[in-house]
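Colleague: Data: upload20.csv, CSV, C-alpha atoms.
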chain,number,residue,atom,x,y,z
T,1,MET,CA,41.1,-58.7,195.8
T,2,ARG,CA,38.4,-56.0,195.9
T,3,SER,CA,38.5,-55.7,199.7
T,4,GLU,CA,42.4,-55.5,199.6
T,5,GLN,CA,42.1,-52.6,197.1
T,6,ASN,CA,39.5,-50.8,199.2
T,7,ARG,CA,41.7,-51.2,202.3
T,8,ARG,CA,44.7,-49.7,200.6
T,9,SER,CA,42.5,-46.9,199.2
T,10,PHE,CA,41.3,-46.1,202.7
T,11,ILE,CA,44.8,-46.0,204.1
T,12,ARG,CA,45.9,-43.7,201.3
T,13,THR,CA,42.9,-41.4,201.7
T,14,SER,CA,43.3,-41.2,205.4
T,15,ALA,CA,46.9,-40.3,205.2
T,16,LEU,CA,46.3,-37.6,202.6
T,17,THR,CA,43.4,-36.1,204.5
T,18,ALA,CA,45.2,-36.1,207.8
T,19,ALA,CA,48.1,-34.2,206.2
T,20,GLY,CA,45.8,-31.5,204.9
T,21,ILE,CA,46.6,-31.7,201.2
T,22,GLY,CA,44.6,-29.0,199.4
T,23,LEU,CA,43.0,-29.1,196.0
T,24,GLY,CA,44.9,-28.4,192.8
T,25,ILE,CA,48.6,-28.8,192.0
T,26,ASN,CA,49.6,-25.6,193.8
T,27,GLY,CA,47.9,-26.7,196.9
T,28,PHE,CA,49.6,-30.1,196.6
T,29,ALA,CA,53.0,-28.6,196.5
T,30,GLU,CA,52.4,-26.0,199.2
T,31,ASN,CA,50.8,-28.3,201.7
T,32,LEU,CA,53.5,-30.9,201.3
T,33,GLY,CA,56.0,-28.3,202.3
T,34,PRO,CA,59.7,-29.0,202.9
T,35,ALA,CA,60.7,-32.6,203.6
T,36,SER,CA,60.2,-33.4,207.3
T,37,ARG,CA,63.1,-34.0,209.6
T,38,GLN,CA,63.5,-36.0,212.8
T,39,LEU,CA,66.5,-35.1,214.8
T,40,PHE,CA,68.8,-37.9,215.9
T,41,ALA,CA,67.8,-38.9,219.5
T,42,GLY,CA,70.5,-41.6,220.2
T,43,GLY,CA,70.7,-45.3,219.5
T,44,THR,CA,72.2,-47.3,216.8
T,45,ARG,CA,69.8,-50.2,216.6
T,46,VAL,CA,68.5,-50.8,213.0
T,47,GLY,CA,65.6,-52.9,212.0
T,48,ILE,CA,64.6,-54.2,208.6
T,49,ILE,CA,61.1,-54.7,207.2
T,50,GLY,CA,61.0,-57.2,204.2
T,51,LEU,CA,63.4,-60.0,203.6
T,52,ASP,CA,62.5,-60.5,199.9
T,53,THR,CA,65.4,-58.6,198.4
T,54,SER,CA,69.1,-59.0,198.3
T,55,HIS,CA,69.5,-55.5,199.6
T,56,CYS,CA,68.6,-56.7,203.1
T,57,ILE,CA,71.6,-59.1,203.1
T,58,ALA,CA,74.0,-56.6,201.6
T,59,PHE,CA,73.1,-53.9,204.1
T,60,THR,CA,73.3,-56.3,207.1
T,61,LYS,CA,76.6,-57.7,206.0
T,62,ALA,CA,78.1,-54.2,205.7
T,63,LEU,CA,76.7,-52.9,209.0
T,64,ASN,CA,77.2,-56.1,211.1
T,65,ASN,CA,80.7,-56.8,209.9
T,66,PRO,CA,83.1,-56.6,212.9
T,67,ALA,CA,85.5,-54.6,210.7
T,68,ALA,CA,82.8,-52.1,209.6
T,69,GLY,CA,84.3,-48.7,209.0
T,70,ILE,CA,83.7,-45.5,210.9
T,71,GLU,CA,81.4,-44.3,208.2
T,72,PHE,CA,78.8,-46.7,209.5
T,73,GLY,CA,79.0,-45.2,213.0
T,74,GLY,CA,78.5,-48.4,214.9
T,75,PHE,CA,75.0,-48.9,213.6
T,76,LYS,CA,73.9,-52.6,213.6
T,77,VAL,CA,71.0,-54.5,212.2
T,78,LEU,CA,69.5,-56.2,215.3
T,79,ALA,CA,66.1,-57.4,214.1
T,80,ALA,CA,64.0,-58.0,211.0
T,81,TYR,CA,60.4,-58.7,210.0
T,82,PRO,CA,60.5,-61.0,206.9
T,83,TYR,CA,57.4,-59.9,205.0
T,84,GLY,CA,57.8,-58.8,202.3
T,85,SER,CA,55.8,-59.6,199.2
T,86,ARG,CA,53.3,-62.4,199.4
T,87,THR,CA,52.0,-62.2,195.9
T,88,ILE,CA,55.1,-61.5,193.6
T,89,GLN,CA,56.5,-65.0,193.3
T,90,SER,CA,60.0,-64.0,192.4
T,91,SER,CA,60.2,-62.0,195.6
T,92,PHE,CA,58.2,-64.3,197.9
T,93,ASP,CA,60.4,-67.3,197.0
T,94,ARG,CA,63.5,-65.5,198.5
T,95,ILE,CA,62.0,-64.9,202.0
T,96,ALA,CA,62.7,-68.3,203.5
T,97,GLY,CA,66.4,-68.4,202.4
T,98,PHE,CA,67.1,-64.8,203.3
T,99,THR,CA,65.5,-65.3,206.7
T,100,VAL,CA,67.9,-68.2,207.4
T,101,GLU,CA,70.8,-66.1,206.2
T,102,MET,CA,69.9,-63.1,208.4
T,103,LYS,CA,69.8,-65.4,211.4
T,104,THR,CA,73.4,-66.4,210.7
T,105,LEU,CA,74.3,-62.7,210.7
T,106,GLY,CA,73.0,-62.4,214.2
T,107,VAL,CA,69.6,-60.8,213.4
T,108,GLU,CA,66.5,-61.6,215.4
T,109,ILE,CA,63.4,-62.4,213.3
T,110,THR,CA,60.2,-60.9,214.7
T,111,GLY,CA,56.6,-62.0,214.0
T,112,SER,CA,55.3,-58.5,213.3
T,113,ILE,CA,56.3,-55.0,212.5
T,114,ALA,CA,54.9,-54.0,215.9
T,115,ASP,CA,57.3,-56.3,217.7
T,116,LEU,CA,60.2,-55.1,215.5
T,117,LEU,CA,59.5,-51.5,216.4
T,118,LYS,CA,60.0,-52.3,220.1
T,119,LYS,CA,63.5,-53.5,219.5
T,120,VAL,CA,65.1,-50.8,217.2
T,121,ASP,CA,65.6,-47.1,216.7
T,122,PHE,CA,65.6,-46.8,212.9
T,123,ILE,CA,64.1,-48.7,210.0
T,124,LEU,CA,65.2,-49.9,206.6
T,125,LEU,CA,61.9,-50.6,204.7
T,126,GLU,CA,63.2,-53.1,202.2
T,127,THR,CA,60.0,-54.9,201.1
T,128,ASN,CA,60.3,-55.4,197.3
T,129,ASP,CA,56.6,-54.9,196.7
T,130,GLY,CA,55.9,-51.1,196.6
T,131,ARG,CA,52.2,-51.7,197.0
T,132,LEU,CA,52.9,-52.6,200.7
T,133,HIS,CA,55.0,-49.6,201.5
T,134,LEU,CA,52.3,-47.2,202.5
T,135,GLU,CA,50.7,-49.5,205.1
T,136,GLN,CA,54.1,-50.5,206.4
T,137,ALA,CA,55.5,-47.0,206.5
T,138,LEU,CA,52.5,-45.6,208.3
T,139,GLU,CA,53.1,-48.1,211.1
T,140,VAL,CA,56.7,-47.0,211.4
T,141,ILE,CA,55.8,-43.3,211.2
T,142,LYS,CA,53.1,-43.7,213.9
T,143,ALA,CA,55.9,-45.1,216.2
T,144,GLY,CA,58.1,-42.1,215.5
T,145,LYS,CA,60.9,-44.1,213.9
T,146,PRO,CA,62.9,-42.4,211.1
T,147,LEU,CA,63.0,-44.7,208.1
T,148,PHE,CA,64.6,-45.2,204.8
T,149,ILE,CA,62.4,-46.7,202.1
T,150,ASP,CA,64.1,-48.6,199.4
T,151,LYS,CA,63.1,-48.3,195.7
T,152,PRO,CA,60.4,-47.9,194.7
T,153,ILE,CA,59.1,-45.7,197.5
T,154,ALA,CA,55.6,-47.0,196.5
T,155,ALA,CA,53.7,-48.4,193.6
T,156,SER,CA,52.0,-45.1,192.8
T,157,LEU,CA,52.5,-41.3,193.1
T,158,ALA,CA,49.4,-41.1,195.4
T,159,ASP,CA,50.8,-43.6,197.8
T,160,ALA,CA,54.2,-41.9,197.8
T,161,ALA,CA,52.5,-38.6,198.6
T,162,ALA,CA,50.6,-40.2,201.4
T,163,ILE,CA,53.8,-41.4,203.0
T,164,PHE,CA,55.4,-38.0,202.9
T,165,THR,CA,52.4,-36.1,204.1
T,166,ALA,CA,52.0,-38.5,207.0
T,167,ALA,CA,55.7,-38.1,207.9
T,168,LYS,CA,55.4,-34.3,207.7
T,169,LYS,CA,52.5,-34.3,210.1
T,170,ALA,CA,54.3,-36.6,212.5
T,171,ASN,CA,57.6,-34.8,212.1
T,172,VAL,CA,59.3,-38.1,211.2
T,173,GLY,CA,62.2,-38.2,208.8
T,174,VAL,CA,61.6,-40.3,205.6
T,175,PHE,CA,63.6,-40.6,202.5
T,176,SER,CA,63.9,-42.9,199.5
T,177,SER,CA,66.5,-43.5,196.9
T,178,SER,CA,68.0,-45.9,194.4
T,179,SER,CA,71.7,-46.7,195.0
T,180,LEU,CA,72.3,-45.4,191.5
T,181,ARG,CA,72.0,-41.8,192.8
T,182,TYR,CA,75.4,-42.2,194.6
T,183,THR,CA,77.7,-43.1,191.8
T,184,SER,CA,80.7,-40.7,192.2
T,185,GLY,CA,80.4,-39.3,188.7
T,186,ALA,CA,76.7,-38.4,189.1
T,187,GLN,CA,77.3,-36.7,192.4
T,188,GLU,CA,80.3,-34.7,191.0
T,189,LEU,CA,78.4,-33.6,187.9
T,190,ALA,CA,75.3,-32.7,189.9
T,191,ALA,CA,77.6,-30.5,192.2
T,192,GLY,CA,78.8,-28.5,189.2
T,193,LYS,CA,82.1,-30.2,188.2
T,194,LEU,CA,81.5,-29.1,184.6
T,195,GLY,CA,79.2,-26.2,185.3
T,196,LYS,CA,75.4,-26.3,184.7
T,197,VAL,CA,74.0,-29.5,183.4
T,198,LEU,CA,72.4,-28.8,180.1
T,199,GLY,CA,71.0,-32.3,179.4
T,200,ALA,CA,71.6,-35.9,180.1
T,201,GLU,CA,70.9,-39.4,178.8
T,202,THR,CA,70.9,-42.3,181.3
T,203,TYR,CA,70.2,-46.0,180.9
T,204,SER,CA,69.5,-49.1,183.1
T,205,PRO,CA,67.8,-52.5,182.9
T,206,CYS,CA,64.0,-52.0,182.8
T,207,HIS,CA,62.4,-55.4,183.7
T,208,LEU,CA,58.6,-55.1,184.1
T,209,GLU,CA,56.3,-56.3,186.9
T,210,SER,CA,52.6,-56.3,186.1
T,211,SER,CA,51.6,-55.2,189.6
T,212,HIS,CA,53.6,-51.9,189.2
T,213,PRO,CA,53.7,-49.1,186.7
T,214,ASP,CA,56.4,-50.1,184.2
T,215,LEU,CA,59.3,-47.9,185.4
T,216,PHE,CA,58.6,-48.2,189.1
T,217,TRP,CA,59.9,-51.8,189.3
T,218,TYR,CA,63.4,-51.5,187.8
T,219,GLY,CA,63.6,-48.6,185.4
T,220,ILE,CA,63.6,-46.4,188.5
T,221,HIS,CA,67.4,-46.9,188.7
T,222,GLY,CA,68.1,-45.1,185.5
T,223,VAL,CA,65.4,-42.5,186.2
T,224,GLU,CA,67.0,-41.8,189.6
T,225,SER,CA,70.3,-41.2,187.8
T,226,LEU,CA,68.6,-38.8,185.4
T,227,PHE,CA,67.1,-36.7,188.2
T,228,THR,CA,70.4,-36.8,190.2
T,229,VAL,CA,72.2,-34.9,187.5
T,230,MET,CA,69.2,-32.9,186.0
T,231,GLY,CA,67.5,-31.9,189.2
T,232,THR,CA,63.8,-31.2,189.5
T,233,GLY,CA,61.7,-29.1,187.1
T,234,CYS,CA,60.6,-31.7,184.5
T,235,LYS,CA,57.3,-30.5,183.0
T,236,GLU,CA,56.3,-33.2,180.5
T,237,VAL,CA,57.3,-36.6,179.3
T,238,VAL,CA,57.1,-38.6,176.0
T,239,ARG,CA,57.7,-42.3,175.8
T,240,VAL,CA,58.5,-44.7,173.0
T,241,SER,CA,58.0,-48.3,174.0
T,242,THR,CA,58.7,-51.6,172.3
T,243,PRO,CA,58.9,-55.1,173.9
T,244,GLU,CA,62.7,-54.8,174.3
T,245,THR,CA,63.2,-51.1,174.9
T,246,ASP,CA,61.8,-47.9,176.5
T,247,VAL,CA,62.9,-44.4,175.6
T,248,VAL,CA,61.5,-41.7,177.9
T,249,THR,CA,62.3,-38.1,177.1
T,250,GLY,CA,61.5,-35.4,179.6
T,251,THR,CA,61.4,-31.6,178.9
T,252,TRP,CA,62.3,-29.4,181.9
T,253,SER,CA,60.7,-26.1,182.5
T,254,ASP,CA,63.9,-24.2,181.5
T,255,GLY,CA,64.1,-26.0,178.1
T,256,ARG,CA,66.6,-28.7,179.1
T,257,VAL,CA,66.0,-32.2,177.9
T,258,GLY,CA,66.8,-35.4,179.7
T,259,THR,CA,66.3,-39.0,178.4
T,260,PHE,CA,66.1,-42.4,180.1
T,261,ARG,CA,66.7,-45.6,178.1
T,262,GLY,CA,65.3,-48.8,179.6
T,263,ILE,CA,66.7,-52.0,178.3
T,264,ARG,CA,65.1,-55.5,178.4
T,265,SER,CA,67.4,-57.5,176.1
T,266,GLY,CA,71.1,-58.3,175.7
T,267,LYS,CA,73.8,-58.4,178.3
T,268,SER,CA,73.1,-54.9,179.5
T,269,ALA,CA,69.7,-56.1,180.6
T,270,TYR,CA,70.4,-59.6,182.0
T,271,GLY,CA,73.7,-59.4,183.7
T,272,GLY,CA,76.6,-59.8,181.4
T,273,PRO,CA,79.9,-58.9,183.1
T,274,PRO,CA,80.9,-56.5,184.4
T,275,ALA,CA,77.9,-55.6,186.6
T,276,SER,CA,78.8,-51.9,186.4
T,277,ALA,CA,78.1,-51.9,182.7
T,278,LEU,CA,74.4,-52.4,183.4
T,279,TYR,CA,74.0,-48.7,184.4
T,280,GLY,CA,75.3,-45.4,183.1
T,281,GLY,CA,74.8,-42.3,181.1
T,282,THR,CA,76.2,-39.2,179.6
T,283,VAL,CA,75.9,-35.6,180.9
T,284,PHE,CA,76.1,-32.6,178.7
T,285,ALA,CA,77.2,-29.5,180.6
T,286,GLU,CA,78.5,-26.0,180.1
T,287,LYS,CA,82.2,-27.0,180.3
T,288,GLY,CA,82.1,-30.3,178.5
T,289,THR,CA,80.5,-33.8,178.2
T,290,ALA,CA,81.2,-36.6,180.7
T,291,GLN,CA,80.0,-40.1,181.7
T,292,ILE,CA,78.2,-40.6,184.9
T,293,GLY,CA,80.6,-43.3,185.9
T,294,GLU,CA,80.4,-46.9,187.0
T,295,TYR,CA,77.9,-48.2,189.5
T,296,ALA,CA,79.7,-48.6,192.9
T,297,GLY,CA,77.4,-51.0,194.8
T,298,TYR,CA,75.3,-50.4,197.8
T,299,ASN,CA,77.8,-48.9,200.3
T,300,PRO,CA,77.7,-45.3,199.1
T,301,LEU,CA,73.9,-45.3,199.6
T,302,LEU,CA,74.2,-47.0,203.0
T,303,VAL,CA,76.7,-44.3,204.1
T,304,ARG,CA,74.0,-41.6,203.3
T,305,ILE,CA,71.4,-43.6,205.1
T,306,ILE,CA,73.5,-43.8,208.3
T,307,ASP,CA,74.3,-40.1,208.0
T,308,PHE,CA,70.5,-39.5,207.9
T,309,PHE,CA,70.0,-41.7,211.0
T,310,LYS,CA,72.7,-39.8,212.8
T,311,THR,CA,71.7,-36.2,211.9
T,312,GLY,CA,68.1,-36.2,210.7
T,313,VAL,CA,69.2,-34.4,207.6
T,314,LEU,CA,67.4,-35.8,204.5
T,315,PRO,CA,69.7,-36.5,201.6
T,316,VAL,CA,66.8,-36.4,199.0
T,317,SER,CA,63.8,-34.1,199.3
T,318,ALA,CA,60.3,-35.3,199.3
T,319,GLN,CA,59.6,-33.0,196.3
T,320,GLU,CA,62.3,-34.7,194.2
T,321,THR,CA,61.2,-38.2,195.0
T,322,LEU,CA,57.6,-37.3,194.2
T,323,GLU,CA,58.6,-35.7,190.9
T,324,ILE,CA,60.4,-38.9,190.0
T,325,CYS,CA,57.2,-40.8,190.7
T,326,ALA,CA,55.2,-38.3,188.6
T,327,PHE,CA,57.8,-38.7,185.7
T,328,MET,CA,57.3,-42.5,185.8
T,329,GLU,CA,53.5,-42.3,185.9
T,330,ALA,CA,53.5,-39.8,183.1
T,331,ALA,CA,55.7,-42.2,181.0
T,332,ASP,CA,53.0,-44.9,181.6
T,333,ALA,CA,50.3,-42.5,180.5
T,334,SER,CA,52.2,-41.5,177.4
T,335,LYS,CA,52.6,-45.2,176.4
T,336,LYS,CA,48.9,-45.8,176.8
T,337,LEU,CA,48.1,-42.7,174.7
T,338,GLY,CA,50.4,-43.8,171.8
T,339,GLY,CA,53.5,-41.7,172.7
T,340,ILE,CA,52.0,-38.2,173.0
T,341,PRO,CA,53.4,-35.7,175.6
T,342,VAL,CA,52.0,-36.0,179.1
T,343,SER,CA,52.5,-33.3,181.7
T,344,LEU,CA,53.7,-34.0,185.3
T,345,ASP,CA,51.1,-31.6,186.5
T,346,SER,CA,48.4,-33.9,185.2
T,347,MET,CA,49.8,-36.7,187.2
T,348,PHE,CA,49.8,-34.7,190.4
T,349,SER,CA,46.2,-33.7,189.8
T,350,LYS,CA,45.3,-37.3,189.2
T,351,ALA,CA,47.0,-38.2,192.5
T,352,LEU,CA,44.9,-35.6,194.3
T,353,LEU,CA,41.7,-37.1,192.9
T,354,LYS,CA,42.7,-40.4,194.6
T,355,ARG,CA,42.8,-39.0,198.0
Translate the structure of the given file into structure tokens.

Modeller:
Amino acid sequence: MRSEQNRRSFIRTSALTAAGIGLGINGFAENLGPASRQLFAGGTRVGIIGLDTSHCIAFTKALNNPAAGIEFGGFKVLAAYPYGSRTIQSSFDRIAGFTVEMKTLGVEITGSIADLLKKVDFILLETNDGRLHLEQALEVIKAGKPLFIDKPIAASLADAAAIFTAAKKANVGVFSSSSLRYTSGAQELAAGKLGKVLGAETYSPCHLESSHPDLFWYGIHGVESLFTVMGTGCKEVVRVSTPETDVVTGTWSDGRVGTFRGIRSGKSAYGGPPASALYGGTVFAEKGTAQIGEYAGYNPLLVRIIDFFKTGVLPVSAQETLEICAFMEAADASKKLGGIPVSLDSMFSKALLKR
């Protein structure tokens, strides 16, 4: 265990150092710079890393369907590397079954990421275990392949920063998002349908996994919805936590307030019908109050991923994804400190100390 931790620490440190992140929060933001962009260079071959999540099946069925719509641009999943978590049992137990199913969908299974990268142009990094994402992403970035990283982008803010800084140095496009970002209501409200968003309350299931900071594992869905409508600029977080519920309140630098409610009991946590009822929220705006709307499945996110593969334009900036990570780490810190406010700046500073 100690050697594994040291290895991951070395990877993270090397990536941050190579990207030239300076000291202090201002240096962190300035040196990260705008999200990197890799222009589309042709090809429609998609590869998947990690067959321990249902997302790999959903994405492959959509892209490889002979009747796939023009919005998917002819992109197909041709190959996959199955691992994937080896230590989170609920994820590891899925790999064998999903591997067989992927073969029935016409996908070649490779023995390594290196072999996978020889066969494809773009990568969907689907490994459920965020602790593995930095190491896996660095191998893809080194090969110059644009990639989408499924939630969570990593299991820490420091690892997420290392991914983006390595991508910036290599000029390789990387973005990460939960599918909850692309509910139609959230997108319309974020675009100003009711004027400026003054505040929001979102909710989602919030199951916990001991290997990850609490909200990184599943609460990230509702946090992503919150940032979709509120935008960046959160300065501090307060968390109230009980065995069944988390309530995390963020204060933005312009005085706006956004709240995420994470649920671990009842139908809204464990899958009572309809599935769309598991996620949602309310937005308070200049011209009225509205619901974010029902969850629409994976395809709206997949359309954005394919657009990114075709154009190189990132749908979500590195800065926003990193602020989401800082928000979730600040929530963990607030819980440990008994519910006192914790600034996001302190989380960025802590991440810098880990480089």

Colleague: Neighbours of Ser184 of chain T within 7 Å (all atoms listed in the file; same-chain residues fewer than 3 positions away dropped), as a short mmCIF file (atom, residue, chain, number, x, y, z; two decimals) with C-alpha atoms, keeping the file's coordinate frame?

Modeller:
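Output saved as selection01.cif:
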data_model
loop_
_atom_site.label_atom_id
_atom_site.label_comp_id
_atom_site.auth_asym_id
_atom_site.auth_seq_id
_atom_site.Cartn_x
_atom_site.Cartn_y
_atom_site.Cartn_z
CA GLN T 187 77.30 -36.70 192.40
CA GLU T 188 80.30 -34.70 191.00
CA GLY T 293 80.60 -43.30 185.90
#

Colleague: I'd like a table as CSV: residues in segment 155-174 of chain T with an atom no more than 9 Å from segment 126-145 of chain T, each row giving the shortest atom pair and its distance in Å to one decimal, all atoms listed in the file counted, sorted by chain and rising residue number.

Modeller:
residue,atom,partner,partner_atom,distance
T:Ala155,CA,T:Gly130,CA,4.6
T:Ser156,CA,T:Arg131,CA,7.8
T:Asp159,CA,T:Leu134,CA,6.1
T:Ala160,CA,T:Leu134,CA,7.3
T:Ala162,CA,T:Leu134,CA,7.3
T:Ile163,CA,T:Leu134,CA,6.0
T:Ala166,CA,T:Leu138,CA,7.2
T:Ala167,CA,T:Ile141,CA,6.2
T:Ala170,CA,T:Ile141,CA,7.0
T:Asn171,CA,T:Gly144,CA,8.1
T:Val172,CA,T:Gly144,CA,6.0
T:Gly173,CA,T:Lys145,CA,7.9
T:Val174,CA,T:Ile141,CA,8.6

Colleague: Which is closest to Ile263 of chain T among T:Gly73, T:Pro315, T:Gly338, T:Gly222, if we use all atoms listed in the file?

Modeller: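 Result for the nearest residue to Ile263 of chain T: T:Gly222.
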
Colleague: Mind listing as JSON, numbers by chain all residues within 10 Å of (75.7, -47.0, 200.2), counting all atoms listed in the file?

Modeller: {"T": [58, 59, 62, 72, 178, 179, 180, 181, 182, 183, 296, 297, 298, 299, 300, 301, 302, 303, 304, 305, 306]}

Colleague: So, with only C-alpha atoms as the atoms that count, which of T:Ile113, T:Ile123, T:Val197, T:Val316 lies closest to Ile149 of chain T?

Modeller: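 Among the listed residues, the smallest separation from Ile149 of chain T belongs to T:Ile123.
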
Colleague: Distance atom CA of Ser177 of chain T-atom CA of Lys151 of chain T, one decimal place?

Modeller: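 Atom-to-atom, atom CA of Ser177 of chain T to atom CA of Lys151 of chain T, that is 6.0 Å.
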
Colleague: Please supply segment 66-74 of chain T, rebuilt with all heavy atoms, as a PDB file, in the coordinates of the input.

Modeller:
ATOM      1  N   PRO T  66      82.271 -57.092 211.758  1.00  0.00           N
ATOM      2  CA  PRO T  66      83.100 -56.600 212.900  1.00  0.00           C
ATOM      3  C   PRO T  66      84.134 -55.572 212.437  1.00  0.00           C
ATOM      4  O   PRO T  66      84.579 -54.763 213.255  1.00  0.00           O
ATOM      5  CB  PRO T  66      83.779 -57.884 213.386  1.00  0.00           C
ATOM      6  CG  PRO T  66      82.870 -58.987 212.968  1.00  0.00           C
ATOM      7  CD  PRO T  66      82.287 -58.561 211.654  1.00  0.00           C
ATOM      8  N   ALA T  67      84.489 -55.595 211.167  1.00  0.00           N
ATOM      9  CA  ALA T  67      85.500 -54.600 210.700  1.00  0.00           C
ATOM     10  C   ALA T  67      84.823 -53.451 209.959  1.00  0.00           C
ATOM     11  O   ALA T  67      85.487 -52.729 209.204  1.00  0.00           O
ATOM     12  CB  ALA T  67      86.419 -55.350 209.683  1.00  0.00           C
ATOM     13  N   ALA T  68      83.534 -53.232 210.201  1.00  0.00           N
ATOM     14  CA  ALA T  68      82.800 -52.100 209.600  1.00  0.00           C
ATOM     15  C   ALA T  68      83.532 -50.810 209.840  1.00  0.00           C
ATOM     16  O   ALA T  68      83.981 -50.549 210.967  1.00  0.00           O
ATOM     17  CB  ALA T  68      81.389 -52.070 210.048  1.00  0.00           C
ATOM     18  N   GLY T  69      83.622 -49.958 208.838  1.00  0.00           N
ATOM     19  CA  GLY T  69      84.300 -48.700 209.000  1.00  0.00           C
ATOM     20  C   GLY T  69      83.585 -47.666 209.787  1.00  0.00           C
ATOM     21  O   GLY T  69      82.396 -47.814 210.091  1.00  0.00           O
ATOM     22  N   ILE T  70      84.301 -46.598 210.108  1.00  0.00           N
ATOM     23  CA  ILE T  70      83.700 -45.500 210.900  1.00  0.00           C
ATOM     24  C   ILE T  70      82.559 -44.837 210.232  1.00  0.00           C
ATOM     25  O   ILE T  70      81.722 -44.199 210.879  1.00  0.00           O
ATOM     26  CB  ILE T  70      84.775 -44.513 211.369  1.00  0.00           C
ATOM     27  CG1 ILE T  70      85.421 -43.868 210.125  1.00  0.00           C
ATOM     28  CG2 ILE T  70      85.829 -45.150 212.251  1.00  0.00           C
ATOM     29  CD1 ILE T  70      86.353 -42.717 210.470  1.00  0.00           C
ATOM     30  N   GLU T  71      82.513 -44.954 208.904  1.00  0.00           N
ATOM     31  CA  GLU T  71      81.400 -44.300 208.200  1.00  0.00           C
ATOM     32  C   GLU T  71      80.068 -44.891 208.521  1.00  0.00           C
ATOM     33  O   GLU T  71      79.030 -44.260 208.283  1.00  0.00           O
ATOM     34  CB  GLU T  71      81.665 -44.395 206.656  1.00  0.00           C
ATOM     35  CG  GLU T  71      81.585 -45.793 206.080  1.00  0.00           C
ATOM     36  CD  GLU T  71      82.928 -46.519 206.078  1.00  0.00           C
ATOM     37  OE1 GLU T  71      83.817 -46.139 206.863  1.00  0.00           O
ATOM     38  OE2 GLU T  71      83.079 -47.455 205.274  1.00  0.00           O
ATOM     39  N   PHE T  72      80.051 -46.092 209.111  1.00  0.00           N
ATOM     40  CA  PHE T  72      78.800 -46.700 209.500  1.00  0.00           C
ATOM     41  C   PHE T  72      78.453 -46.459 210.967  1.00  0.00           C
ATOM     42  O   PHE T  72      77.424 -46.936 211.455  1.00  0.00           O
ATOM     43  CB  PHE T  72      78.815 -48.205 209.202  1.00  0.00           C
ATOM     44  CG  PHE T  72      78.905 -48.524 207.731  1.00  0.00           C
ATOM     45  CD1 PHE T  72      79.774 -49.502 207.268  1.00  0.00           C
ATOM     46  CD2 PHE T  72      78.138 -47.838 206.807  1.00  0.00           C
ATOM     47  CE1 PHE T  72      79.856 -49.794 205.916  1.00  0.00           C
ATOM     48  CE2 PHE T  72      78.214 -48.114 205.454  1.00  0.00           C
ATOM     49  CZ  PHE T  72      79.077 -49.094 204.997  1.00  0.00           C
ATOM     50  N   GLY T  73      79.290 -45.739 211.672  1.00  0.00           N
ATOM     51  CA  GLY T  73      79.000 -45.200 213.000  1.00  0.00           C
ATOM     52  C   GLY T  73      78.562 -46.166 214.056  1.00  0.00           C
ATOM     53  O   GLY T  73      77.908 -45.786 215.032  1.00  0.00           O
ATOM     54  N   GLY T  74      78.901 -47.439 213.915  1.00  0.00           N
ATOM     55  CA  GLY T  74      78.500 -48.400 214.900  1.00  0.00           C
ATOM     56  C   GLY T  74      77.091 -48.887 214.838  1.00  0.00           C
ATOM     57  O   GLY T  74      76.619 -49.624 215.717  1.00  0.00           O
TER      58      GLY T  74
END
